[in-house]
Each structure stands twice: as C-alpha cells, then as structure tokens.
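Quick notes on the structure that follows.
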Amino acid sequence: MKLGFSPEEELFRQECADWLNGQMAGEFRDIKGITKLTGSPERRKEWEQQLAEHRWSCIGWPSQWGGRDATLAQQVIFAEEYARAGVPGRVNHIGIELAGPTILTFGTEEQKQRFLPGIAGGKTIFCQGFSEPNAGSDLASVRTKARLEGGEWVVNGQKIWTSLAHISDWIFVVTRTEEGSQGPKGLTFLMMPIDQPGIEIRGIRQINGDAEFNETFFTDARCPADSLIGAVGDGWRIAMGLLAFERGVSTLGQQMGFRNELDEIIAAAKANGAANDPLVRQRLAKAEVGLRLMRYGALRMLSQTDHAKIDGAALTYKIQWASWRRSLGELAMDVLGQGGEISDHAEYEWDTLPNLFLFSRADTIYGGTNQIQRNLIAERGLGLPREPRGNA
Amino acid sequence: MEFAFTDEQQMIAETARSFFAENATSERTRKAMAGDGVDRALWQAFCQELGLSGIGLPESAGGAGLGMVELAIIAEAAGAQVAALPMLSSLVQAAQAIAAGGDAEQQDQWLPRLISGEVIGGYFYGADIQSDGDRLTGGSRFVAHGASADMFVVTDMRQVWIVSANAPGVSVTSQTSMDQTRPLAHVQLDNVTGERLGDPAAALAAVHRAAFIATAAEALGGAQACLDRTVDYSKERIQFGRPIGSFQAYKHRLADMMIEIEQARSAVYWAACAVDEGAEEAEMAIHAAKSFATDTFFRCAGDMIQLHGGIGFTWEHDAHLYFKRARALQTMLGTNVWHREKIATMILGEAA
C-alpha cells in the first residue's frame, strides 16, 4: 500500500505542469482562473483546439484517435495539474469523457472515423440529452420519440438540464423508438447535429443567476439513419455503459477546485477573525479532513484492480463529495457573515464563495440525487431488496 | 497508484479476520467482561500462536517489523469482534514507547515479554505527576486494562518512565467501567521509583502515532461490524409482511453508515501509510483518522441499536458492546474536539 505516484509518473506530472503553466502564462492567460462553465465560451473552444494540437485533449484515448494511450495514473495526474494550473474546466468534457469513449466502445468503424477526429480535435462540442421533465431520477421513463422516415430519424420531444447545449455542436439523445414500450426497453441512442430547424434551445436561469443548463426542444428534428450507436432498442445499455465511463479520473482534478474553494474560505476566516471562533475552527478542520479523505477515497477507487468487484469507495464517492461541497458552501456563508449576502457586481452575479453556496445545492441533485445514491448504495453495496417499481 | 493492500497485507488481513472471528466470540468476550476484561486464552493464542503480536515493532527487539498499515489491519480485525484484549495498552502504547525511546537494555528486558504476552503492559499520562528525580507521585483514574497490567509506562508529557506494577508505592484499583471489554483502573503512584526512557520525545511521538492509528483502525472494524450485523438483521426481520431492510427509511440509514465507513477506511489507511512513508501530512492524518473513525464508529453503533429495535437495547444482544466501546474510543487519547483543534491549528494557526 502506497500513497503516492512513481518517479516516472512524477516526471510526467512535471511535463504536464510545465506545458499547462506555460499556456496559462502565455497565449491563453486571459482564460486563467475562470471558474464558471459559461465564461468566455469562444476562447474556451479555441483552448480545446490548442489542447488537441499538442495532443493533450484526450490523453486516455488510443493514440490512433489523437490520444496518448495514457495510463489511469497519468490521466489522474493530468487532471490534477490541469486544475492546479488554474485552467478553466473543459467545455468539451462531455465529448471527451462520455461521447468519445462511447463511440470507441460501441460505435462502428465508420462512426469512429466520422466523429472521433472532431471530438479529439476540439472542433465537435457534445452535450448530453438524457433527462426530461418527467424523467429525472427515473431516467428510464423517457418519452422523447424517434421514428425512421425516409432514411432519417425524426425526433419529437423535450430534454432538460442539457448542460452547455447552447455552445455545443452535437447532442446524444436517448429516445423511445418502440411505440408503447416502457422503462428501459424500446430505447435507442442517437447522435444529432444541433444546428437545425427542429432543435430549439432555451437557457434555464438557475438560483445563482447563471444559465449553464438548458431545455432542448425537438420538433421533427432529424438525423441520418446511421446516427444510432448500437442497435435499435439498445439505448439503455449504451446509456448505462456511457455513465460507467465517468469512473473518477476527473475527480482528482475536480478536488483541486475544491481545494481552492476551501483555501479561499480559510483565507477569509483568517482575514475577518472567524478563524478565532472555536466552532468555526472545528468545522474548518472537518472540511479539511473531508477533502483529504475524498482524495484517498479516490485513490483507493482508482487503485482497485479488480473492477468486477463492487468497490465501496466508488459507490459512495458521488454522495460524499456532493454533500461535502454543499456543507462547504454553508460554512463559507457562516464565515463571510452578512458580507456574503451582497455582491460587488451590478448584475446578479456572485464571486466564488457565495456562488459556491448557491451552486452547490445542485451538486446533491445532478448525476443522481443523494436519495438515489442511497438507494444504489443500499441495493448494490449492501444487497438490500430493490425499491418496488410502480406501474408507470 | 497502489493505494490498496499488497498480497501480503491481504493475507495478514484474512488471517487476522478469521482468527478473531473464530476465537473472539461473544460468549468468550462476555466471560472476560465479568472478570478483568482480558480473555487470557485469546491473548495467549494471539501472542504465541498467530505470530502477529510483534507487528509494528522492530525485529531487533523480537518484533515482526512491518509497519502501521499492518498494525492497523490487526487492530481493525480485533475491533470487528470487540475482542477483550490488552492490545492497545500493551503492544501499541507500552511496547511502542520502549521501542522508540528506550535503550537496548530496556528493550531487551521488556519487548520480548510484551510481544509474547508473558507481560501485560499499561500506559498512562498523569496530569498531576510530580517527579523528584525518578521518584514519581501522582496517577490517573483512567488507565485502560490497568488492573491487568504487570508494568506501566508513565508520562507527564515531558519524561517517560517504566514502573513495575508490584513496585512499592503502586496502588491499582479497578473501576466499574462502562466499556467492560477495556475496563479502566485507578493507578496511584506514591513516591515510586521509575526507570526513565532515554528519548522521551521519540517515545511519546511513537505512542501517539501508533495509538491514534490503532484506535482508529479498531473503530473502523467495529463500525463495519455494526453495519454488517444490521444488514443481516434487516434481511431476516419481517414486519408489515416484508423484510425491514426493504423500507427506504431503513435502507438510507444503512447507506449513510456505509458512506461514513468508507471514509473512515480511507482515513485509517491514509494515516497508517503516511506514517510508514514518513510523509509530511502524517501529523494531520493521525488526528484525522482518530477523530473521524471513532465518530463514525459511535454513529454506526448508535444506529445499530436503533435499527434493531427493542432487541438492540438488551444486554443479551452485542450491540451495546460496540456502542460502549465506540463511546470510550471517542474520548480516550484526547477528545475528538481536541484532535480537530490540532488540525485547525495546522491550517489556521493558533486562535488569537
């Protein structure tokens, strides 16, 4: 059992850090430190292309498709150094982490040729069309319909919470292709171009005033017949396979962002005297410990070699970080006092800590609510009886 | 990334787990609880037959080498059964103090006998200890397994001494203790001659590191046992015509236990690994592990009682053994509020 990385891996870390820091001090210094996903979208698309040009856009992919065949450890290291260098989040996260691996695993050779170069090259930005107004936690109850008509799929319905749809080029959509089917049966996984008359995107203003999520409406939207991944009716299997790709490589990078947030709270507490309050000290100590445990939980999860075994650290990770971060937001406001209630901006816009407080309410909802996580932990981790299903 | 057990560590874990599961049974533990809180046959078997009692102690002094990760593995397995053993006071505290701070002669004199189980060691900090040279006066009312100890390692947090339990001026009185698997004793020294350890700072640092890790690991094992036993019960117990484990209110509480326990596991092995590797963050990790894992244990033990309903409140059921052990662990070796304040000082500096 070891805590750290090998000397070779540390060399790789240095290589990553050198390149990223060079970029953030040079051509792309204007985007350094942006934390909102919606900030400077055009420059961030250029940044995606810059990453690709230097072969850093999808290091975990096979080299044949623009990757570096990077090991899991190397991917973790890159994610850490990426965040440490203050580089803003990837606007093509969905393309690189989800769409690409899905196509690599389930797509045809022709689909790989068609999509992968664009994704790897930072030219095809993807977003995800899973949730619907009536299919949130109960994802399998999607109603968006697709039918084959004249060599094309024709899609009607609505998706919601489509993060960054307004700056994306493509969307993958779980659709119901079998009339009268229910639940996970009769679903098909389609890739659709967004720029077409049948697709309309409307931003959803969130509690922090920002609009990162969207509603996406499909009215006779079209894509070619060969736009499906897997077979007709195979959509649920593909969608679940896709979710499994989100296996925590990016989590250690994400934690660097959490580190910055906690450091900012610590600095604020020292500056305004809250750091002398014994109760605040206890809570900051707990927050610090929680963050460290997240790191070692992630390392346990990534060190697990037997992936067939259900790993407790992996199963509990989502609810752990989401709950931690929501509490961190509350702690931030307690440290800031009434200063946290006012903004220096004329618009309804918030600096890092008040924004953390507001945005973190979403953390315990998206990607499976805390309640759904507890169901999964109880059923998969502890082997308890499944929730009874209604007759939807 | 290799933050996972090696094959050897996995083997030690399996050996220790099955040893305690087979031998540290509820029946035997209860027999020990009615006496001095030591299952002597179990202690003998552990020290002499299993060959794991020297773990974390130098081979030069009859120890088995290896490190804190392996020590944590053993403590976790013992904790899972709330085994009634003087492992903490004898092997972790007394032996670690002598191994780190004693000279060769002291090590030769004590370590082999502590490791073989021939001698049971006790350890305490006496806040009121007055030392006149090496003549000690003072004591503690909270000496774990003190009534079973043949010798004590005593400290005033500046110096560390070895005191024989039968030296003139030593009086030991058992206390009626809430946790009968690790009963406390009042040990009073009245002008007793102690044998000073040459390097008290090293001794105290070693005791703290090892004891924080061992208590945290013990708590981890205990917490996991509370969860496992409650899960088993929830699948068998039928109410309203279905297993109670199928109710969401019940499942979610079990899920919350697992979420805490997985973090406690990360805490314990982070701390153990950090100490073994001499990592800079070891100092924070040991305080984090002790406070996080023992709080987790208490929460899980409390939930175990609640989720068992009435039977969980009976003397007959083992839930109270875990509950009481958990409560004792939260307070001993510094309250968890104290441990977190140590961490707060590391990240914030001293409070003004």
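Labeling convention for the structure tokens: chains A, B, ... as they appear, residues from 1 per chain, ligands from 1 in order of appearance.
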
Practice problem: Check every residue of chain A for an atom within 7 Å of chain B, counting only C-alpha atoms, and provide those that qualify as a PyMOL selection string. | Solution: chain A and resi 1-5+73+275-276+281-282+284-285+289+293+296-297+299-300+303-304+312-313+316+320+374-375+377-378+384-386

Based on the selection just made, write C-alpha atoms of those residues as a compact mmCIF listing (two decimals), in the first residue's frame.
# COMPACT_ATOMS: atom_id res chain seq x y z
CA MET A 1 0.00 0.00 0.00
CA LYS A 2 1.44 3.33 -1.08
CA LEU A 3 0.19 6.89 -1.00
CA GLY A 4 1.97 8.49 -3.90
CA PHE A 5 2.98 8.08 -7.51
CA ALA A 73 -2.44 7.23 -13.16
CA ALA A 275 -10.71 31.77 12.45
CA ASN A 276 -10.70 32.52 16.18
CA ARG A 281 -12.30 26.03 13.72
CA GLN A 282 -13.97 22.67 14.29
CA LEU A 284 -12.93 24.04 9.03
CA ALA A 285 -10.97 21.11 10.45
CA VAL A 289 -10.36 16.23 6.74
CA LEU A 293 -10.50 11.68 2.70
CA TYR A 296 -7.66 8.99 -0.57
CA GLY A 297 -11.06 7.54 -1.33
CA LEU A 299 -7.03 6.86 -4.91
CA ARG A 300 -8.45 3.69 -3.38
CA SER A 303 -6.08 1.61 -7.35
CA GLN A 304 -8.71 -1.08 -7.42
CA GLY A 312 -17.34 0.65 -1.66
CA ALA A 313 -15.20 3.71 -2.23
CA THR A 316 -20.12 6.16 -2.11
CA GLN A 320 -19.62 12.01 -0.40
CA ARG A 374 -28.50 5.98 -1.09
CA ASN A 375 -30.77 3.57 -2.95
CA ILE A 377 -25.54 2.05 -2.14
CA ALA A 378 -28.14 0.06 -0.22
CA LEU A 384 -30.83 -4.92 0.26
CA PRO A 385 -34.13 -5.54 -1.56
CA ARG A 386 -34.83 -3.26 -4.52

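Every protein or nucleic acid residue with an atom no more than 12 Å from Arg229 of chain B, counting only C-alpha atoms and leaving out same-chain residues fewer than 3 positions away, appears here: Leu382 of chain A; Ala80, Gln81, Gly222, Ala223, Gln224, Ala225, Cys226, Asp232, Tyr233, Ser234, Lys235, Glu236, Leu254, Cys300, Ala301, Asp303, Met304, Ile305, Leu307, His308, Gly312, His317, Asp318, Ala319 and Tyr322 of chain B.
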
Practice problem: Pick out the closest residue to Gln64 of chain A from this set: A:Ser6, A:Ser227, A:Gln113, A:Thr188. Count only C-alpha atoms. | Solution: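 Counting only C-alpha atoms, the residue closest to Gln64 of chain A is A:Gln113.
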
Self-check item: Top pick for closest residue to Phe124 of chain B, considering B:Ala78, B:Ala83, B:Leu333, B:Met33 and counting only C-alpha atoms
Solution: B:Leu333

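Nearest-residue note for Gly337 of chain A: choosing from A:Val174, A:Val280, A:Ala83, A:Ile59, the minimum distance belongs to A:Val280, counting only C-alpha atoms.
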
Find the spatial neighbours of His186 of chain B, counting only C-alpha atoms, within a cut-off of 7 Å - ignore same-chain residues fewer than 5 positions away - and output them as a PDB file with C-alpha atoms, in the first residue's frame.
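What ended up in selection-v6.pdb:
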ATOM      1  CA  SER B 140      -4.593   8.503  36.694  1.00  0.00           C
ATOM      2  CA  ARG B 141      -8.134   7.233  37.186  1.00  0.00           C
ATOM      3  CA  PHE B 142      -8.465   6.125  33.584  1.00  0.00           C
ATOM      4  CA  VAL B 143      -5.803   3.516  32.893  1.00  0.00           C
ATOM      5  CA  VAL B 172      -4.160  -0.168  41.483  1.00  0.00           C
ATOM      6  CA  THR B 173      -7.943  -0.111  41.902  1.00  0.00           C
ATOM      7  CA  SER B 174     -10.334  -1.411  39.241  1.00  0.00           C
ATOM      8  CA  GLN B 175     -13.079   0.984  38.255  1.00  0.00           C
TER       9      GLN B 175
END

Quiz item: atom CA of Leu116 of chain A and atom CA of Gly95 of chain A, how far apart in Å?
Solution: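 Taking atom CA of Gly95 of chain A and atom CA of Leu116 of chain A, their separation equals 9.2 Å.
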
Exercise. Could you tell me how far atom CA of Ile55 of chain B lies from atom CA of Val92 of chain B, in Å and to one decimal?
Key: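 We find that atom CA of Ile55 of chain B and atom CA of Val92 of chain B lie 9.6 Å from each other.
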
Exercise. Could you check which of A:Gly26, A:Pro193, A:Gly157, A:Gly180 is closest to Thr144 of chain A, using only C-alpha atoms?
Key: A:Gly157

Might you pull out every residue within 12 Å of Thr181 of chain B, with only C-alpha atoms counted and same-chain residues fewer than 3 positions away left off, and present them as a CSV table (one decimal) with N, CA and C atoms, in the first residue's frame?
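What ended up in selection.csv:
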chain,number,residue,atom,x,y,z
B,24,ALA,N,-12.6,-14.8,19.1
B,24,ALA,CA,-13.1,-13.7,20.0
B,24,ALA,C,-14.7,-13.7,19.9
B,26,SER,N,-18.7,-13.8,21.1
B,26,SER,CA,-19.4,-13.1,22.1
B,26,SER,C,-19.4,-13.8,23.5
B,28,ARG,N,-17.1,-15.7,24.8
B,28,ARG,CA,-15.8,-15.6,25.5
B,28,ARG,C,-15.6,-14.1,25.9
B,29,THR,N,-16.0,-13.2,25.1
B,29,THR,CA,-15.9,-11.8,25.4
B,29,THR,C,-16.7,-11.5,26.7
B,30,ARG,N,-17.9,-12.0,26.8
B,30,ARG,CA,-18.7,-11.8,28.0
B,30,ARG,C,-18.1,-12.4,29.2
B,31,LYS,N,-17.4,-13.5,29.1
B,31,LYS,CA,-16.8,-14.1,30.2
B,31,LYS,C,-15.7,-13.2,30.7
B,32,ALA,N,-14.9,-12.6,29.7
B,32,ALA,CA,-13.8,-11.7,30.1
B,32,ALA,C,-14.4,-10.4,30.7
B,33,MET,N,-15.6,-10.0,30.3
B,33,MET,CA,-16.2,-8.8,30.8
B,33,MET,C,-16.5,-9.0,32.3
B,34,ALA,N,-16.9,-10.2,32.6
B,34,ALA,CA,-17.2,-10.4,34.0
B,34,ALA,C,-16.0,-10.4,34.9
B,35,GLY,N,-14.8,-10.6,34.3
B,35,GLY,CA,-13.6,-10.6,35.1
B,35,GLY,C,-12.8,-9.2,34.8
B,36,ASP,N,-11.6,-9.3,34.4
B,36,ASP,CA,-10.8,-8.1,34.3
B,36,ASP,C,-10.7,-7.5,32.9
B,37,GLY,N,-11.6,-8.1,32.0
B,37,GLY,CA,-11.6,-7.5,30.6
B,37,GLY,C,-10.5,-8.1,29.7
B,38,VAL,N,-9.9,-9.2,30.2
B,38,VAL,CA,-8.9,-9.8,29.3
B,38,VAL,C,-9.3,-11.3,29.1
B,39,ASP,N,-9.4,-11.7,27.9
B,39,ASP,CA,-9.6,-13.1,27.5
B,39,ASP,C,-8.2,-13.7,27.4
B,78,ALA,N,-9.4,-7.0,15.2
B,78,ALA,CA,-9.8,-7.2,16.6
B,78,ALA,C,-11.0,-6.4,17.0
B,79,GLY,N,-11.0,-5.1,16.4
B,79,GLY,CA,-12.1,-4.2,16.7
B,79,GLY,C,-13.5,-4.7,16.2
B,81,GLN,N,-14.6,-7.6,16.3
B,81,GLN,CA,-15.2,-8.5,17.3
B,81,GLN,C,-15.3,-7.9,18.7
B,82,VAL,N,-15.0,-6.6,18.9
B,82,VAL,CA,-14.8,-6.0,20.2
B,82,VAL,C,-14.0,-7.0,21.1
B,83,ALA,N,-12.9,-7.5,20.6
B,83,ALA,CA,-12.2,-8.5,21.4
B,83,ALA,C,-11.7,-7.9,22.7
B,84,ALA,N,-11.8,-8.7,23.8
B,84,ALA,CA,-11.4,-8.2,25.1
B,84,ALA,C,-9.9,-8.5,25.3
B,85,LEU,N,-9.1,-7.6,24.8
B,85,LEU,CA,-7.6,-7.9,24.8
B,85,LEU,C,-6.9,-6.6,25.2
B,86,PRO,N,-5.7,-6.7,25.8
B,86,PRO,CA,-4.9,-5.5,26.2
B,86,PRO,C,-4.0,-5.1,25.1
B,87,MET,N,-4.5,-5.3,23.8
B,87,MET,CA,-3.6,-5.0,22.7
B,87,MET,C,-3.1,-3.5,22.7
B,88,LEU,N,-4.1,-2.6,22.9
B,88,LEU,CA,-3.7,-1.2,22.8
B,88,LEU,C,-2.7,-0.8,23.9
B,144,ALA,N,-6.4,2.2,30.9
B,144,ALA,CA,-7.0,1.1,30.2
B,144,ALA,C,-6.3,-0.2,30.6
B,145,HIS,N,-7.1,-1.2,31.0
B,145,HIS,CA,-6.6,-2.5,31.4
B,145,HIS,C,-5.6,-2.4,32.5
B,176,THR,N,-15.4,0.5,38.1
B,176,THR,CA,-16.6,-0.1,37.3
B,176,THR,C,-16.6,0.8,36.1
B,177,SER,N,-16.4,0.1,34.9
B,177,SER,CA,-16.3,0.8,33.7
B,177,SER,C,-17.4,0.6,32.7
B,178,MET,N,-17.8,1.6,32.0
B,178,MET,CA,-18.9,1.4,31.1
B,178,MET,C,-18.5,0.4,30.0
B,184,LEU,N,-11.2,0.4,32.9
B,184,LEU,CA,-10.3,1.4,33.4
B,184,LEU,C,-9.9,1.1,34.8
B,318,ASP,N,-25.3,-8.1,21.3
B,318,ASP,CA,-24.0,-7.5,21.3
B,318,ASP,C,-23.9,-6.0,21.0
B,320,HIS,N,-24.7,-3.4,22.4
B,320,HIS,CA,-24.2,-2.5,23.5
B,320,HIS,C,-22.7,-2.6,23.7
B,321,LEU,N,-22.1,-3.7,23.3
B,321,LEU,CA,-20.6,-3.9,23.4
B,321,LEU,C,-20.0,-2.9,22.5
B,322,TYR,N,-20.5,-2.8,21.2
B,322,TYR,CA,-20.0,-1.9,20.2
B,322,TYR,C,-20.2,-0.5,20.7
B,323,PHE,N,-21.4,-0.2,21.1
B,323,PHE,CA,-21.8,1.1,21.5
B,323,PHE,C,-20.9,1.7,22.6
B,324,LYS,N,-20.7,0.9,23.6
B,324,LYS,CA,-19.8,1.3,24.7
B,324,LYS,C,-18.4,1.4,24.3
B,325,ARG,N,-17.9,0.5,23.5
B,325,ARG,CA,-16.5,0.6,23.0
B,325,ARG,C,-16.4,1.9,22.2
B,326,ALA,N,-17.3,2.2,21.4
B,326,ALA,CA,-17.3,3.3,20.5
B,326,ALA,C,-17.2,4.6,21.3
B,328,ALA,N,-16.2,5.0,24.4
B,328,ALA,CA,-14.9,5.1,25.1
B,328,ALA,C,-13.8,5.5,24.1
B,329,LEU,N,-13.8,5.0,22.9
B,329,LEU,CA,-12.8,5.4,21.9
B,329,LEU,C,-12.9,6.9,21.6

Practice problem: Please provide as a PyMOL selection string all residues within 9 Å of Glu118 of chain B, with the sequence filter that same-chain residues fewer than 3 positions apart are discarded (counting only C-alpha atoms). | Solution: chain B and resi 44+47+112-115

Filtering to C-alpha atoms, could you give me those residues as a CSV table (one decimal), in the first residue's frame?
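Ended up saving to out_27.csv:
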chain,number,residue,atom,x,y,z
B,44,GLN,CA,-2.0,-16.2,24.6
B,47,CYS,CA,0.7,-13.5,21.0
B,112,PRO,CA,10.1,-9.8,24.0
B,113,ARG,CA,7.9,-10.4,27.1
B,114,LEU,CA,5.3,-7.9,25.9
B,115,ILE,CA,5.3,-9.4,22.5

Quiz item: Do you know which residues are at most 10 Å from Ala64 of chain B counting only C-alpha atoms, after dropping those on the same chain fewer than 5 positions away, and could you put them as a ChimeraX atom specification?
Solution: /B:51-59,115

Exercise. As an MDAnalysis selection string, list the residues of segment 93-332 of chain B assigned to helix (DSSP H, G or I) by DSSP on the backbone atoms of this structure.
Key: chainID B and resid 93:101 104:116 146:148 200:236 244:246 248:276 282:313 319:331

Quiz prompt | Within 9 Å of Ala362 of chain A using only C-alpha atoms, minus same-chain residues under 3 positions, as a ChimeraX atom specification | solution = /A:322,326,358-359,365-366
